[in-house]
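> One file is attached below, work.txt, containing compact mmCIF, C-alpha atoms and all ligand atoms.
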```
# COMPACT_ATOMS: atom_id res chain seq x y z
CA MET A 14 17.21 8.61 19.37
CA ASP A 15 14.12 10.71 20.02
CA ILE A 16 10.88 10.88 18.02
CA ARG A 17 11.97 13.82 15.87
CA GLN A 18 15.32 12.29 14.94
CA THR A 19 13.71 8.94 14.20
CA LEU A 20 11.09 10.53 11.99
CA ASN A 21 13.67 12.58 10.12
CA LYS A 22 15.70 9.49 9.44
CA GLY A 23 12.61 7.68 8.10
CA ILE A 24 11.62 10.66 5.96
CA SER A 25 15.04 10.92 4.34
CA ILE A 26 15.16 7.20 3.52
CA LEU A 27 11.69 7.34 1.94
CA LYS A 28 12.59 10.52 0.01
CA ARG A 29 15.71 8.87 -1.34
CA ASN A 30 13.56 5.98 -2.54
CA LYS A 31 11.09 8.33 -4.25
CA VAL A 32 8.14 7.55 -2.00
CA LEU A 33 5.59 10.29 -2.71
CA THR A 34 4.48 11.08 0.84
CA PRO A 35 7.59 10.49 2.99
CA GLN A 36 6.56 12.56 6.01
CA LEU A 37 3.01 11.27 6.25
CA ASP A 38 4.10 7.65 5.79
CA SER A 39 6.84 7.95 8.43
CA GLU A 40 4.41 9.48 10.90
CA ILE A 41 1.79 6.79 10.31
CA LEU A 42 4.33 3.99 10.70
CA LEU A 43 5.80 5.45 13.87
CA SER A 44 2.35 6.04 15.38
CA LYS A 45 1.42 2.45 14.71
CA LEU A 46 4.67 1.22 16.26
CA ILE A 47 4.35 3.12 19.52
CA ASN A 48 0.58 2.77 19.57
CA LYS A 49 -0.09 6.50 19.80
CA ASP A 50 -1.86 8.90 17.47
CA LYS A 51 -0.19 11.45 15.22
CA LYS A 52 -0.91 14.24 17.68
CA TYR A 53 1.24 12.53 20.32
CA ILE A 54 4.10 12.28 17.86
CA ILE A 55 3.92 15.95 16.98
CA LEU A 56 3.61 17.05 20.62
CA ASN A 57 6.43 14.86 21.96
CA PRO A 58 9.36 15.29 19.58
CA LYS A 59 11.93 14.83 22.36
CA LYS A 60 10.56 11.56 23.68
CA VAL A 61 13.31 8.96 23.50
CA LEU A 62 12.54 5.62 21.81
CA ASN A 63 14.12 2.38 22.95
CA PHE A 64 16.37 0.28 20.77
CA LYS A 65 13.73 -2.37 20.03
CA LYS A 66 11.28 0.23 18.73
CA LEU A 67 13.97 1.88 16.61
CA LYS A 68 14.86 -1.43 15.03
CA LYS A 69 11.21 -2.17 14.23
CA PHE A 70 10.75 1.31 12.75
CA ASP A 71 13.81 0.75 10.57
CA ASP A 72 12.29 -2.49 9.28
CA LEU A 73 8.96 -0.83 8.45
CA ILE A 74 10.69 2.05 6.68
CA LYS A 75 12.78 -0.38 4.64
CA ARG A 76 9.66 -2.24 3.56
CA ARG A 77 7.91 1.01 2.66
CA ALA A 78 10.98 2.14 0.72
CA LYS A 79 10.63 -0.99 -1.40
CA GLY A 80 7.04 0.01 -2.20
CA GLU A 81 4.99 -2.05 0.24
CA PRO A 82 1.78 -0.07 0.82
CA VAL A 83 1.31 1.62 4.21
CA ALA A 84 -2.02 -0.19 4.68
CA TYR A 85 -0.26 -3.56 4.60
CA LEU A 86 2.38 -2.35 7.04
CA THR A 87 -0.21 -1.08 9.52
CA ASN A 88 -2.81 -3.76 8.70
CA LYS A 89 -5.56 -1.21 8.43
CA LYS A 90 -7.39 1.03 5.97
CA GLU A 91 -10.23 3.49 6.39
CA PHE A 92 -13.25 2.87 4.17
CA TRP A 93 -16.61 4.65 4.41
CA ASN A 94 -17.22 4.98 8.19
CA ASP A 95 -14.87 2.31 9.50
CA GLU A 96 -11.38 1.02 9.73
CA PHE A 97 -10.87 -2.39 8.11
CA PHE A 98 -8.20 -4.99 8.82
CA VAL A 99 -6.24 -5.65 5.63
CA ASN A 100 -3.29 -7.82 4.67
CA ASN A 101 -1.83 -8.85 1.33
CA ASP A 102 -4.55 -11.46 0.84
CA VAL A 103 -6.99 -8.66 -0.02
CA LEU A 104 -7.07 -5.57 -2.21
CA ILE A 105 -6.68 -2.36 -0.22
CA PRO A 106 -10.07 -0.58 -0.21
CA ARG A 107 -10.05 2.41 -2.59
CA PRO A 108 -11.91 5.68 -2.04
CA ASP A 109 -13.48 5.29 -5.52
CA THR A 110 -15.15 2.08 -4.38
CA GLU A 111 -17.09 4.05 -1.76
CA ILE A 112 -19.22 5.20 -4.71
CA ILE A 113 -20.92 1.79 -4.64
CA VAL A 114 -21.86 2.25 -0.97
CA GLU A 115 -23.04 5.80 -1.59
CA GLN A 116 -25.26 4.74 -4.49
CA VAL A 117 -26.81 1.84 -2.56
CA LEU A 118 -27.72 4.22 0.26
CA LYS A 119 -29.33 6.59 -2.25
CA ILE A 120 -31.45 3.82 -3.77
CA PHE A 121 -32.45 1.98 -0.59
CA SER A 122 -33.93 3.95 2.32
CA LYS A 123 -32.92 3.31 5.93
CA LYS A 124 -36.07 1.26 6.50
CA SER A 125 -35.88 -0.94 3.43
CA LYS A 126 -35.30 -4.66 3.69
CA ALA A 127 -33.04 -6.51 1.31
CA GLN A 128 -30.91 -9.55 0.73
CA ILE A 129 -27.58 -8.44 -0.67
CA LEU A 130 -24.81 -10.43 -2.34
CA ASP A 131 -21.24 -9.17 -2.73
CA ILE A 132 -19.29 -11.06 -5.38
CA GLY A 133 -15.54 -11.00 -4.71
CA THR A 134 -15.93 -9.49 -1.29
CA GLY A 135 -12.21 -9.29 -0.38
CA SER A 136 -11.86 -7.48 2.94
CA GLY A 137 -15.67 -7.23 3.07
CA CYS A 138 -15.47 -3.44 3.03
CA ILE A 139 -18.35 -2.84 0.57
CA LEU A 140 -20.74 -5.39 2.06
CA LEU A 141 -20.06 -4.54 5.71
CA SER A 142 -20.32 -0.78 5.15
CA ILE A 143 -23.73 -1.25 3.53
CA ILE A 144 -24.99 -3.71 6.14
CA LYS A 145 -23.96 -1.36 8.92
CA GLU A 146 -25.91 1.50 7.35
CA ARG A 147 -29.06 -0.52 6.64
CA PRO A 148 -30.33 -2.39 9.73
CA ASN A 149 -32.81 -4.56 7.80
CA PHE A 150 -30.32 -5.82 5.23
CA TYR A 151 -28.93 -9.34 5.29
CA GLY A 152 -25.67 -9.96 3.48
CA THR A 153 -23.79 -12.74 1.75
CA GLY A 154 -20.20 -12.36 0.62
CA ILE A 155 -18.36 -14.78 -1.63
CA ASP A 156 -14.76 -14.87 -2.72
CA ILE A 157 -12.60 -17.27 -4.69
CA SER A 158 -9.75 -16.65 -2.26
CA LYS A 159 -10.04 -18.70 0.94
CA LYS A 160 -7.56 -16.43 2.70
CA SER A 161 -9.63 -13.35 1.93
CA ILE A 162 -12.64 -14.98 3.60
CA ASN A 163 -10.66 -15.10 6.84
CA VAL A 164 -10.12 -11.36 6.53
CA SER A 165 -13.77 -10.54 5.78
CA LYS A 166 -14.92 -12.73 8.68
CA PHE A 167 -12.49 -10.99 11.00
CA ASN A 168 -13.81 -7.57 9.91
CA THR A 169 -17.38 -8.75 10.42
CA LYS A 170 -16.62 -9.70 14.03
CA GLN A 171 -14.82 -6.43 14.68
CA LEU A 172 -17.89 -4.51 13.48
CA ASN A 173 -20.31 -6.76 15.37
CA LEU A 174 -22.23 -7.69 12.25
CA SER A 175 -21.94 -11.49 12.41
CA ASN A 176 -25.68 -11.94 12.96
CA ARG A 177 -26.54 -10.44 9.57
CA VAL A 178 -23.68 -11.49 7.32
CA LYS A 179 -22.34 -14.78 6.05
CA PHE A 180 -19.46 -15.68 3.80
CA PHE A 181 -18.77 -18.51 1.40
CA HIS A 182 -15.48 -19.52 -0.10
CA SER A 183 -16.65 -19.96 -3.68
CA SER A 184 -16.03 -18.89 -7.23
CA ILE A 185 -18.94 -17.17 -8.91
CA ASP A 186 -19.23 -20.12 -11.31
CA ASN A 187 -20.03 -22.54 -8.50
CA PHE A 188 -22.25 -20.33 -6.41
CA ILE A 189 -25.98 -21.02 -6.58
CA ILE A 190 -27.36 -20.10 -3.15
CA GLY A 191 -30.17 -17.59 -2.66
CA LYS A 192 -32.03 -14.86 -4.50
CA TYR A 193 -31.03 -11.26 -4.01
CA ASP A 194 -32.62 -7.81 -4.13
CA LEU A 195 -29.22 -6.27 -4.59
CA ILE A 196 -25.93 -7.59 -5.98
CA VAL A 197 -22.73 -5.57 -5.75
CA SER A 198 -19.29 -6.36 -7.07
CA ASN A 199 -15.88 -4.83 -7.59
CA PRO A 200 -14.50 -7.63 -9.73
CA PRO A 201 -10.93 -7.82 -11.04
CA TYR A 202 -11.12 -5.78 -14.24
CA ILE A 203 -7.59 -4.88 -15.28
CA GLU A 204 -6.54 -6.29 -18.67
CA LEU A 205 -3.83 -8.91 -18.13
CA SER A 206 -1.37 -7.12 -20.42
CA ASN A 207 -1.91 -3.84 -18.53
CA LEU A 208 -1.18 -5.22 -15.06
CA LYS A 209 2.48 -4.38 -15.45
CA TYR A 210 1.68 -0.70 -15.98
CA LEU A 211 -0.06 -0.33 -12.63
CA ASP A 212 1.74 1.55 -9.90
CA LYS A 213 4.64 -0.55 -8.56
CA ASP A 214 3.18 -0.42 -5.05
CA ILE A 215 0.05 -2.09 -6.44
CA VAL A 216 1.48 -4.59 -8.87
CA ASN A 217 4.25 -5.84 -6.59
CA PHE A 218 2.16 -6.22 -3.44
CA GLU A 219 -1.60 -6.45 -3.99
CA PRO A 220 -3.16 -9.81 -4.94
CA LYS A 221 -3.18 -10.33 -8.71
CA LEU A 222 -6.28 -12.45 -8.24
CA ALA A 223 -8.16 -9.30 -7.21
CA LEU A 224 -6.92 -7.26 -10.19
CA ASN A 225 -6.53 -9.55 -13.17
CA GLY A 226 -9.51 -9.29 -15.49
CA GLY A 227 -8.08 -11.77 -18.02
CA CYS A 228 -6.99 -11.17 -21.62
CA ASP A 229 -9.62 -8.55 -22.44
CA GLY A 230 -10.25 -7.30 -18.88
CA PHE A 231 -13.85 -8.54 -19.01
CA SER A 232 -13.46 -12.19 -17.96
CA ASN A 233 -14.77 -11.66 -14.46
CA ILE A 234 -17.20 -8.85 -15.20
CA ARG A 235 -18.82 -11.17 -17.78
CA LYS A 236 -19.10 -14.01 -15.26
CA VAL A 237 -20.55 -11.69 -12.65
CA ILE A 238 -23.16 -10.29 -15.04
CA ASN A 239 -24.18 -13.73 -16.33
CA LYS A 240 -24.45 -15.36 -12.92
CA ALA A 241 -26.04 -12.33 -11.29
CA SER A 242 -28.88 -12.55 -13.78
CA ILE A 243 -29.72 -15.95 -12.26
CA LEU A 244 -29.18 -14.95 -8.63
CA ILE A 245 -31.01 -11.63 -8.76
CA LYS A 246 -34.74 -11.10 -8.11
CA ARG A 247 -36.90 -9.37 -10.72
CA LYS A 248 -36.45 -5.60 -10.36
CA GLY A 249 -33.32 -6.27 -8.31
CA LYS A 250 -30.38 -3.89 -8.60
CA LEU A 251 -26.90 -4.80 -9.81
CA ILE A 252 -24.13 -2.33 -9.04
CA LEU A 253 -20.66 -2.88 -10.46
CA GLU A 254 -17.33 -1.14 -10.32
CA ILE A 255 -15.76 -1.03 -13.79
CA GLY A 256 -12.54 0.13 -15.47
CA PHE A 257 -12.38 3.66 -16.90
CA ASN A 258 -12.70 2.39 -20.51
CA GLN A 259 -15.24 -0.39 -20.00
CA ARG A 260 -18.54 1.47 -19.96
CA GLU A 261 -19.88 0.74 -23.45
CA LYS A 262 -18.92 -2.91 -23.47
CA VAL A 263 -20.34 -3.51 -19.98
CA LYS A 264 -23.54 -1.71 -20.95
CA SER A 265 -24.04 -4.05 -23.89
CA LEU A 266 -23.20 -7.15 -21.80
CA LEU A 267 -25.82 -6.03 -19.31
CA GLU A 268 -28.47 -5.19 -21.90
CA ASN A 269 -28.01 -8.60 -23.52
CA LYS A 270 -28.78 -10.22 -20.17
CA GLY A 271 -31.98 -8.25 -19.65
CA TYR A 272 -30.83 -5.41 -17.45
CA TYR A 273 -31.97 -1.81 -17.77
CA ILE A 274 -29.07 0.64 -17.28
CA ASP A 275 -30.05 3.20 -14.62
CA LYS A 276 -26.86 5.23 -14.64
CA VAL A 277 -23.10 5.34 -14.87
CA ILE A 278 -21.25 7.27 -12.18
CA LYS A 279 -17.83 8.87 -12.55
CA ASP A 280 -15.08 8.60 -9.94
CA TYR A 281 -13.12 11.46 -8.33
CA ALA A 282 -10.77 11.55 -11.33
CA ASP A 283 -13.76 11.94 -13.70
CA ASN A 284 -13.52 8.39 -15.08
CA ASP A 285 -16.54 6.12 -15.53
CA ARG A 286 -16.31 3.87 -12.50
CA CYS A 287 -19.64 2.55 -11.36
CA ILE A 288 -22.63 1.22 -13.27
CA ILE A 289 -26.08 0.76 -11.80
CA CYS A 290 -28.76 -1.34 -13.43
CA THR A 291 -32.07 -3.07 -12.79
CA LYS A 292 -33.03 -6.58 -13.77
CA ILE A 293 -36.22 -6.49 -15.83
N1 LIG A 301 -9.18 0.17 -9.04
C1 LIG A 301 -8.19 -0.83 -8.84
C2 LIG A 301 -6.82 -0.31 -9.24
O1 LIG A 301 -6.73 0.75 -9.79
C3 LIG A 301 -8.53 -2.09 -9.59
C4 LIG A 301 -9.60 -2.82 -8.91
C5 LIG A 301 -10.12 -3.98 -9.65
O2 LIG A 301 -9.56 -4.57 -10.57
N2 LIG A 301 -11.25 -4.33 -9.23
O3 LIG A 301 -5.83 -0.88 -8.93
```
Represent the structure from my file as structure tokens, please.
Ligand code: GLN

Amino acid sequence: MDIRQTLNKGISILKRNKVLTPQLDSEILLSKLINKDKKYIILNPKKVLNFKKLKKFDDLIKRRAKGEPVAYLTNKKEFWNDEFFVNNDVLIPRPDTEIIVEQVLKIFSKKSKAQILDIGTGSGCILLSIIKERPNFYGTGIDISKKSINVSKFNTKQLNLSNRVKFFHSSIDNFIIGKYDLIVSNPPYIELSNLKYLDKDIVNFEPKLALNGGCDGFSNIRKVINKASILIKRKGKLILEIGFNQREKVKSLLENKGYYIDKVIKDYADNDRCIICTKI
């Protein structure tokens, strides 16, 4: 079978299984498999693929048809300026989370120096994107998942940032190292009883540990806020990603711990998503 026939077969299987972007997903999976870009695929529809490749493509399409996210099948996801290695030990970086990076860059100039802590670093995408943009920043990432630390360390090496970033396998409860000018976190904030309503591709494949915010959704946010108030320097900034309905509660948790709320930023779907505050 040639490239066009193979793609068409993939597209029709994904369509039948109600995958929303059948053509795009088939193209991405085939590009990954033959190690060429999308342009090559479009320009060489008659190129014949060998049996081994066809079999592998079939396998990938079957996994995608069952809902496995493309990023896990290709082991990569674009975030900010880079491509990050991902597997099912880490949450797939979301475009909305880039708001944290954007806000940090607005607050801290290129020349500024800072120690930054990322709580629940996952793939490391937030921390590494910031560190790469700010040459005088030094970063620490912690995560309760040991496997995710392997992923963030791998990404750090790929981006050549090992000299300015370190990682600890630790829960926030047990972490007591350092004082920080800036603390960022995208903690798990989905209410336990709402997990089942998430998109099937998310709930069946992404790590629950990175999503589950406990009975009220605030279990981890609360821990982050409380511990950050010990780890942060005076006048330090805390920037959190929050759920669309968590603004007021998070504001009051922060105010009770002596933070001044600078602003709340909406995501691309116009939901409150990111809260920025200063420790006073
Ligand atoms: N924004 C993510 C989602 O919609 C949740 C991320 C989180 O809990 N930190 O799946």
> Would you mind listing what lies within 6 Å of segment 116-126 of chain A as a list in words, with only C-alpha atoms counted and same-chain residues fewer than 3 positions away left out?
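Once the adjacent positions are removed, what remains is Ile113, Arg147, Asn149 and Phe150 of chain A.
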> Could I get the residues of segment 46-103 of chain A with an atom no further than 10 Å from an atom of segment 219-233 of chain A, each paired with its nearest atom pair and that distance in Å to one decimal, using all atoms listed in the file, sorted by chain and residue number, as JSON lines?

```
{"residue": "A:Glu81", "atom": "CA", "partner": "A:Glu219", "partner_atom": "CA", "distance": 9.0}
{"residue": "A:Pro82", "atom": "CA", "partner": "A:Glu219", "partner_atom": "CA", "distance": 8.7}
{"residue": "A:Tyr85", "atom": "CA", "partner": "A:Glu219", "partner_atom": "CA", "distance": 9.2}
{"residue": "A:Asn100", "atom": "CA", "partner": "A:Glu219", "partner_atom": "CA", "distance": 8.9}
{"residue": "A:Asn101", "atom": "CA", "partner": "A:Glu219", "partner_atom": "CA", "distance": 5.8}
{"residue": "A:Asp102", "atom": "CA", "partner": "A:Pro220", "partner_atom": "CA", "distance": 6.2}
{"residue": "A:Val103", "atom": "CA", "partner": "A:Pro220", "partner_atom": "CA", "distance": 6.3}
```
> Report as a list in words which protein, DNA and RNA residues come within 6 Å of ligand LIG 301 (chain A), using all atoms listed in the file.
Asn199, Pro200, Pro201, Tyr202, Ile203, Ala223 and Leu224 of chain A
> With C-alpha atoms retained, could you export that selection as a compact mmCIF listing (two decimals), keeping the file's coordinate frame?

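Heads up, here's the output in part_0.txt:
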```txt
# COMPACT_ATOMS: atom_id res chain seq x y z
CA ASN A 199 -15.88 -4.83 -7.59
CA PRO A 200 -14.50 -7.63 -9.73
CA PRO A 201 -10.93 -7.82 -11.04
CA TYR A 202 -11.12 -5.78 -14.24
CA ILE A 203 -7.59 -4.88 -15.28
CA ALA A 223 -8.16 -9.30 -7.21
CA LEU A 224 -6.92 -7.26 -10.19
```
> Using only C-alpha atoms, pick whichever of A:Ser25, A:Val178, A:Asn173, A:Phe218 has the shortest atom-to-atom distance to Leu140 of chain A.
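Ranked by minimum distance to Leu140 of chain A, first place goes to A:Val178.
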> Find the residues with any atom within 10 Å of (-33.2, -0.9, -17.5); use only C-alpha atoms and the coordinates as given in the file, and write the answer as a VMD selection string.
chain A and resid 248 250 267 to 268 271 to 276 289 to 293
> When you draw a straight line from atom CA of Lys51 of chain A to atom CA of Leu37 of chain A, how long is it in Å?
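About the pair atom CA of Lys51 of chain A and atom CA of Leu37 of chain A: they are 9.5 Å apart.
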> Could you tell me how far atom CA of Glu115 of chain A sits from atom CA of Ile143 of chain A, in Å to one decimal place?
8.7 Å
> Using all atoms listed in the file, determine which residues lie at most 9 Å from Ile157 of chain A, disregarding the query and same-chain residues fewer than 5 positions distant; provide the list as a list in words.
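Everything that qualifies: Gly133, Ile162, Phe181, His182, Ser183, Ser184, Ile185 and Leu222 of chain A.
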> Any idea what the distance is between atom CA of Pro148 of chain A and atom CA of Leu172 of chain A?
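Computing it gives 13.2 Å between the two atoms.
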> Write out as an NGL selection string which residues come within 8 Å of Val164 of chain A when counting all atoms listed in the file, dropping same-chain ones fewer than 3 positions away.
:A and (98-100 or 102-103 or 135-137 or 160-161 or 167-168)
> Put the listed atoms of segment 23-26 of chain A in a box along x, y and z with 5 Å added on every side and give me the centre and edge lengths in Å to one decimal, as JSON.

```
{"center_x": 13.4, "center_y": 9.1, "center_z": 5.8, "size_x": 13.5, "size_y": 13.7, "size_z": 14.6}
```
> Ranking A:Lys262, A:Lys69, A:Arg29, A:Lys270 by minimum distance to Ile288 of chain A and counting only C-alpha atoms, which one comes first?
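Smallest distance to Ile288 of chain A is found for A:Lys262.
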> Neighbours of segment 284-286 of chain A within 6 Å (only C-alpha atoms; same-chain residues fewer than 4 positions away dropped), as a count of residues only?
6
> Using all atoms listed in the file, can you tell me which of A:Lys22, A:Lys166, A:Lys264, A:Lys31 comes closest to Gly80 of chain A?
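Distance minimum relative to Gly80 of chain A lands on A:Lys31.
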> Just the residues within 10 Å of Lys60 of chain A, please, counting all atoms listed in the file, with nothing from its chain fewer than 3 positions along; format it as a list in words.
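With the cut-off at 10 Å, the set is Met14, Asp15, Ile16, Arg17, Gln18, Tyr53, Ile54, Leu56, Asn57 and Asn63 of chain A.
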> Restricting the calculation to all atoms listed in the file: of A:Asp131, A:Asp186, A:Glu146, A:Glu204, which residue gets closest to Leu251 of chain A?
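The answer is A:Asp131, which sits nearest to Leu251 of chain A.
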